[in-house]
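Student: To start, I am sharing the structure in question, which I have written as structure tokens.
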Amino acid sequence: MEQILNTIERSNVELTKEDFVSDQMVKWCAGCGAHAILAAVANVFPKIGYKKENFMLVSGIGCSSRFPYYVNTYGFHGIHGRAYAIASGVKISNPKLSVWVATGDGDSMAIGGNHMIHTIRRNIDLNVILFNNMIYGLTKGQYSPTSPMGSVTKTSPQGTIEHPFNAGELVMGAQGTFFARVPDNNIKLMTEVMFESARHDGTSIIEVLQNCIIYNDKVHAPITSKDTREDNQLVLRNGEKMLFGADHKKGLRLNGTRLEVVTIGENGITEDDILVHDQYQQDPGLQLMLAKMAPPLFPVAMGVIRSAMYPTYDDMVEDQITYAKANSKILTVNDLLNSGDTFEVK
Amino acid sequence: MSEVKNVVELEDAVIKFVGDSGDGMQLSGTLFADTAAYDGNDLTTFPDYPAEIRAPQNTVAGVSGFQIHFGSKKILTFGDICDTIVALNPASLRANLKWTKKDTIIITDSEAYDDSALEKSGYKSNPLTDGSLKEFKIISAPFTTLIKEAISDLNIDNKTTLKSRNMFALGIAFKLYGKNLDHTFHYLEKKFATRPQIVEMNKRVVKAGFDYAAINPQLECLYNVPSASMEKGRYRNITGNVAAAWGLIAAGEKSERPLFLGSYPITPATEILMEIVKYKSLGAKVFQAEDEIAGICSAIGASFTGSLALTTTSGPGLSLKSEAIGLAVITELPLVIVNVQRGGPSTGLPTKSEQSDLYQALYGRNGECPLIVMAASSSADCFYSAFEAAKLSIEHMTPVILLTDGSLGNGSELFRIPDTKDLPKIVAPLAKANDPNYKPYNRDEKTLARPWAIPGTEGLRHRVGGLEKENGIGTVSMDPINHELMVGLRAEKVQRVANYIDPQEVFGDTEGDLLIVSWGGTKGVIRDSVIEMKKEGYKVGHAHFKHIMPLPKNTEEIFGKYKKIIVCELNSGQFVGYLRITFPDFKYHQANKVQSLPFMIHELKDKYYKLLEK
């Protein structure tokens with residue numbers, strides 16, 4: 001992986017996983033998808049290569065949000081739904097920190113929905129790991145805003161009657177500049193995607209399809225299990241053909257304005273007909289179609305779906321301050337106090 | 001007609017400019033106030049405006065006003081009753097007659113009293129001609145006709161002409177009170193620098209009003225309000241909201257901590273946000289968040305990151321921030337929360353002032369959740385109170401709620417400009433890089449403050465959050481004994497702040513028959529009432545509290561020196577309730593008003609007399 005170029009101070013020694021090991025006991029259930037996310041973070045932080053004091057983890061509430069306790073960085077365990085807002089304050093206050101947010105589907109898209117969309121709209125440079133297990137785990141099994149319609153849970157004994165959010169659609173609707181998706185059982189891909197998110201300037205949302213072994217076991221299995229994943233996942237790589245299936249013979253093409261799954265060698269289809277992924281494309285049209293794909297007609301898109309360059313909020317804050325300092329007559333509080341209309345009593 | 005020559009000297013006067021929202025009454029009032037200030041008067045001002053931006057024209061709902069109390073003595077309030085009312089239409093006159101006395105001068109535009117305006121304002125007949133105003137001194141003039149005469153050669157359209165009625169009224173007021181036009185001319189030249197014709201028009205209109213008053217037979221005399229004797233120094237007129245903003249900016253500079261404000265617009269606190277955002281040249285980072293909760297949460301994030309973090313709001317916003325305030329309390333981070341109080345509950349009376357958020361500030365959170373509560377006592381004091389709130393917050397590693405109110409925030413008074421070198425030092429308890437003994441919840445022996453370890457600093461990586469922490473090492477702890485210890489430590493930390501604040505002062509008799517207790521924005525009017533009681537020979541003292549949690553250490557001692565105690569506040573009795581819990585051995589009497597209006601001196605004195613007679 002190449003070196004990330006930005007103003008965050010880098011470590012002058014090679015870091016390893018051990019540098020980020022916390023002394024706290026990890027208290028997630030055995031078999032929880034969160035363990036894989038922790039492993040991927042432990043992989044990627046040394047690779048990113050910043051000084052270890054320059055990493056900051058912020059979370060909200062829920063199983064996902066215990067994450068900061070399990071990584072030895074500066075960390076802040078916030079309140080339900082507000083991780084984005086807390087992290088925004090951290091990043092604006094000190095843009096030379098690499099700020100990571102651990103949040104869940106409920107934390108992000110229910111109670112914290114407003115903060116999520118506005119953070120994305122502003123494009124504050126945060127790396128968000130969105131643990132999507134489609135259930136409320138820490139409160140023991142109520143439906144979440146991503147639970148599929150009809151989900152039977154403790155608060156929907158007859159099945160849910162709400163349309164779920166698709167995280168990618170929400171991100172792009174909010175003018176997001178980075179969206180990636182990974183299954184929790186592919187730590188290698190997760191590590192790569194996290195590195196890409198660190199490299200991206202702006203709000204990066206990484207949706208991890210995470211298993212909740214207690215309250216929603218195997219909810220992602222139709223996509224992530226060994227016998228389904230080849231046909232039901234399309235791992236996107238920038239500049240490469242959108243091919244999937246055990247022998248990479250299935251692919252995506254545009255038929256009119258819609259995506260279509262085709263098989264190379266059938267009906268005269270050749271590799272030339274297959275779409276090539278462009279994660280840097282500013283126009284999110286095709287990326288949105290990719291993010292929304294779902295079985296049975298389509299595979300689920302994995303990897304970095306969108307990574308478009310836009311100015312970040314935190315950079316523009318610094319620019320405005322630099323400009324103001326260079327152009328204002330008010331450079332001290334005494335200047336301020338004596339500015340404008342004043343008069344002397346002798 | 002000959003010029004009015006008789007000039008009567010006054011110690012002080014109250015003038016109020018009223019008209020439709022959009023008539024420019026705030027501008028007339030501001031120009032009058034600034035002129036009086038340059039002329040050496042002490043003063044206090046208060047804008048009184050409706051919750052709507054432009055309510056229907058000529059209705060009582062749309063009346064906007066600006067009141068100025070100016071004088072040659074120390075001016076503590078914006079005044080109960082007006083000596084002069086400048087009313088641009090019948091609705092504004094009707095809405096403000098309750099603030100008049102016999103002989104109040106009413107300056108009004110006789111051409112504004114057409115049938116439609118009279119009907120919309122609720123008048124059955126024209127008050128200028130039906131005799132209903134005969135106890136007042138009326139100066140009515142055909143403003144528009146006189147304005148048109150004055151600018152006939154300038155070729156100004158009718159709409160613009162009508163908009164200058166406020167300037168004509170201002171001219172009359174200037175002549176009435178012996179003020180000159182220099183400041184107003186200077187203002188107009190600056191404001192409309194690129195539009196010389198507008199400058200010329202407005203100057204002529206003000207002058208026309210001024211000259212009209214000079215020869216008006218309706219005026220028996222003119223007035224002169226001499227300069228006040230004020231401490232030497234440089235002064236400016238300042239509103240409470242601007243003063244609060246500047247106090248916080250000053251605290252950022254003194255503490256050498258970057259300033260971060262996370263806020264969401266809300267009446268009547270928005271001006272603080274709009275003010276701080278102007279000073280990016282001083283490094284102020286301002287985040288207009290998507291809601292009140294994001295405002296405070298971003299500030300908490302910034303505080304963890306080492307900024308002097310602020311959030312500004314009014315009552316309903318404070319409610320929304322409650323959970324996050326608890327987070328700042330348990331993470332023991334500095335955070336200044338400014339609450340510019342308004343009438344409540346719920347949306348309540350957004351543009352009116354009240355002191356009814358004290359209980360919310362003291363108790364409005366889940367769990368046992370103590371923090372410092374302070375209250376500013378005047379518009380200019382908002383500067384010093386905000387500065388001290390930031391100082392205490394940083395040095396004691398605890399959130400502070402600073403209560404001001406709509407009257408203080410929008411009202412103004414003269415402010416003697418300090419030099420920042422004379423402001424107290426602010427020393428942040430920063431943890432040192434690579435300190436081998438660093439623990440997130442190790443405490444300072446004296447203050448019990450925990451060290452502030454800033455992300456990015458080597459050797460201090462740590463985690464905090466909303467879960468209960470083990471004292472010292474700061475890891476998550478559900479241990480029952482530790483929890484009780486932490487609840488106690490958080491409370492004790494706030495109580496110990498009393499060792500670092502000034503003792504409570506008493507004005508007037510330091511012992512006697514009656515102690516008058518107040519807090520927050522009512523200081524001026526209550527001080528005036530006490531001054532009058534003293535002049536009448538009563539043995540009374542006034543203790544005005546700025547520090548509410550904790551209370552100054554000598555509070556109980558002061559209470560013990562008077563036969564009776566009365567607590568005056570603009571709510572149903574919140575401070576008095578708090579005092580009853582804190583010092584239950586005293587009997588407290590009450591003076592309360594919950595009309596979203598200030599106390600009047602006579603209302604207060606009536607209460608005092610009754611207590612003193614018994």
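Every chain in the structure tokens takes a letter, A first, then B, and so on in the order presented; its residues are numbered from 1, and the ligands are numbered from 1 following the presented order.
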May I have the residues of chain B within 6 Å of chain A, counting only C-alpha atoms, written as a list in words?
Tutor: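 Result, ordered by chain then number: Lys232, Gly233, Arg234, Tyr235, Arg236, Ala250, Lys280, Ser281, Leu282, Ala294, Cys297, Ser298, Ala299, Gly301, Ala302, Thr305, Pro455, Gly456, Glu458, Arg461, His462, Arg463, Val464, Gly465 and Gly466 of chain B.
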Student: With a distance cut-off of 6 Å and only C-alpha atoms, select the neighbouring residues of Ala180 (chain A), excluding the residue or stretch itself and same-chain residues fewer than 4 positions from it, and output the selection as a list of chain:residue names.
Tutor: A:Ile206, A:Gly303, A:Val304, A:Ile305
Student: Among region 216-294 of chain A, which ones does DSSP place in strand (DSSP E or B), written as a list in words?
Tutor: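 DSSP on the backbone gives strand (DSSP E or B) at Asn216, Gln233, Leu234, Val235, Leu236, Lys241, Leu243, Phe244, Lys250, Gly251, Leu252, Arg253, Leu254, Asn255, Arg258, Leu259, Glu260, Val261, Val262, Thr263 and Val276 of chain A.
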Student: Based on DSSP run over this structure's backbone, return all residues of region 197-305 of chain B in helix (DSSP H, G or I), as a ChimeraX atom specification.
Tutor: /B:197-214,240-255,270-282,292-304
Student: Residues within 12 Å of Leu318 (chain B), please, as number ranges by chain. Count only C-alpha atoms; anything in the same chain fewer than 4 positions from it doesn't count.
Tutor: B: 263-264, 266, 269, 291-293, 295-296, 311-314, 322-326, 337-342, 344-346, 357-365, 401-403
Student: Which residues, written as a list in words, have at least one atom at most 12 Å from Leu286 (chain A), with only C-alpha atoms counted and residues fewer than 3 positions away on the same chain left out?
Tutor: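 Using only C-alpha atoms, the neighbours found are Glu169, Met172, Leu252, Arg253, Leu254, Thr257, Arg258, Leu259, Leu275, Val276, His277, Asp278, Gln279, Tyr280, Gln281, Gln282, Asp283, Met289, Leu290, Ala291, Lys292, Met293, Ala301, Ile305 and Arg306 of chain A.
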Student: Within 9 Å of Asn43 (chain A), counting only C-alpha atoms, which residues qualify if same-chain residues fewer than 3 places away don't, as a ChimeraX atom specification?
Tutor: /A:16-17,38-40,46-47,191
Student: For the selection just defined, write its residues with C-alpha atoms to a file, as a tab-separated table (two decimals), in the first residue's frame.
Tutor:
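File written: out-v3.tsv
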```tsv
chain	number	residue	atom	x	y	z
A	16	THR	CA	2.71	-2.97	14.56
A	17	LYS	CA	-0.60	-4.33	15.76
A	38	LEU	CA	-11.28	-4.99	15.45
A	39	ALA	CA	-8.80	-7.25	13.67
A	40	ALA	CA	-8.99	-5.19	10.49
A	46	PRO	CA	0.10	0.48	11.52
A	47	LYS	CA	-0.13	0.43	7.73
A	191	THR	CA	-8.35	-3.78	5.71
```
Student: What is the CA of Glu111 (chain B) to CA of Phe66 (chain B) distance in Å?
Tutor: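 Answer for the CA of Glu111 (chain B) to CA of Phe66 (chain B) separation: 22.0 Å.
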Student: Show which residues sit within 6 Å of region 542-557 of chain B, as a list in words. Count only C-alpha atoms, and ignore same-chain residues fewer than 6 positions away.
Tutor: Ile372, Val373, Met374, Ala375, Gln495, Ala498, Pro503, Gln504, Val506, Phe507, Leu515, Ile516, Val517, Ser518 and Trp519 of chain B
Student: With C-alpha atoms retained, could you export that selection as an mmCIF file, in the first residue's frame?
Tutor:
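Everything below was put into selection10.cif:
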```cif
data_model
loop_
_atom_site.group_PDB
_atom_site.id
_atom_site.type_symbol
_atom_site.label_atom_id
_atom_site.label_comp_id
_atom_site.auth_asym_id
_atom_site.auth_seq_id
_atom_site.Cartn_x
_atom_site.Cartn_y
_atom_site.Cartn_z
ATOM 1 C CA ILE B 372 -21.180 25.234 38.058
ATOM 2 C CA VAL B 373 -24.102 27.615 37.562
ATOM 3 C CA MET B 374 -23.492 31.330 37.205
ATOM 4 C CA ALA B 375 -25.725 34.245 36.216
ATOM 5 C CA GLN B 495 -18.463 22.729 45.774
ATOM 6 C CA ALA B 498 -16.394 28.263 46.240
ATOM 7 C CA PRO B 503 -17.147 36.344 48.582
ATOM 8 C CA GLN B 504 -20.696 37.588 48.242
ATOM 9 C CA VAL B 506 -23.723 43.262 50.178
ATOM 10 C CA PHE B 507 -24.854 46.722 49.137
ATOM 11 C CA LEU B 515 -32.016 41.622 53.202
ATOM 12 C CA ILE B 516 -33.113 41.841 49.601
ATOM 13 C CA VAL B 517 -31.775 38.886 47.618
ATOM 14 C CA SER B 518 -31.698 38.664 43.847
ATOM 15 C CA TRP B 519 -29.724 37.003 41.037
#
```
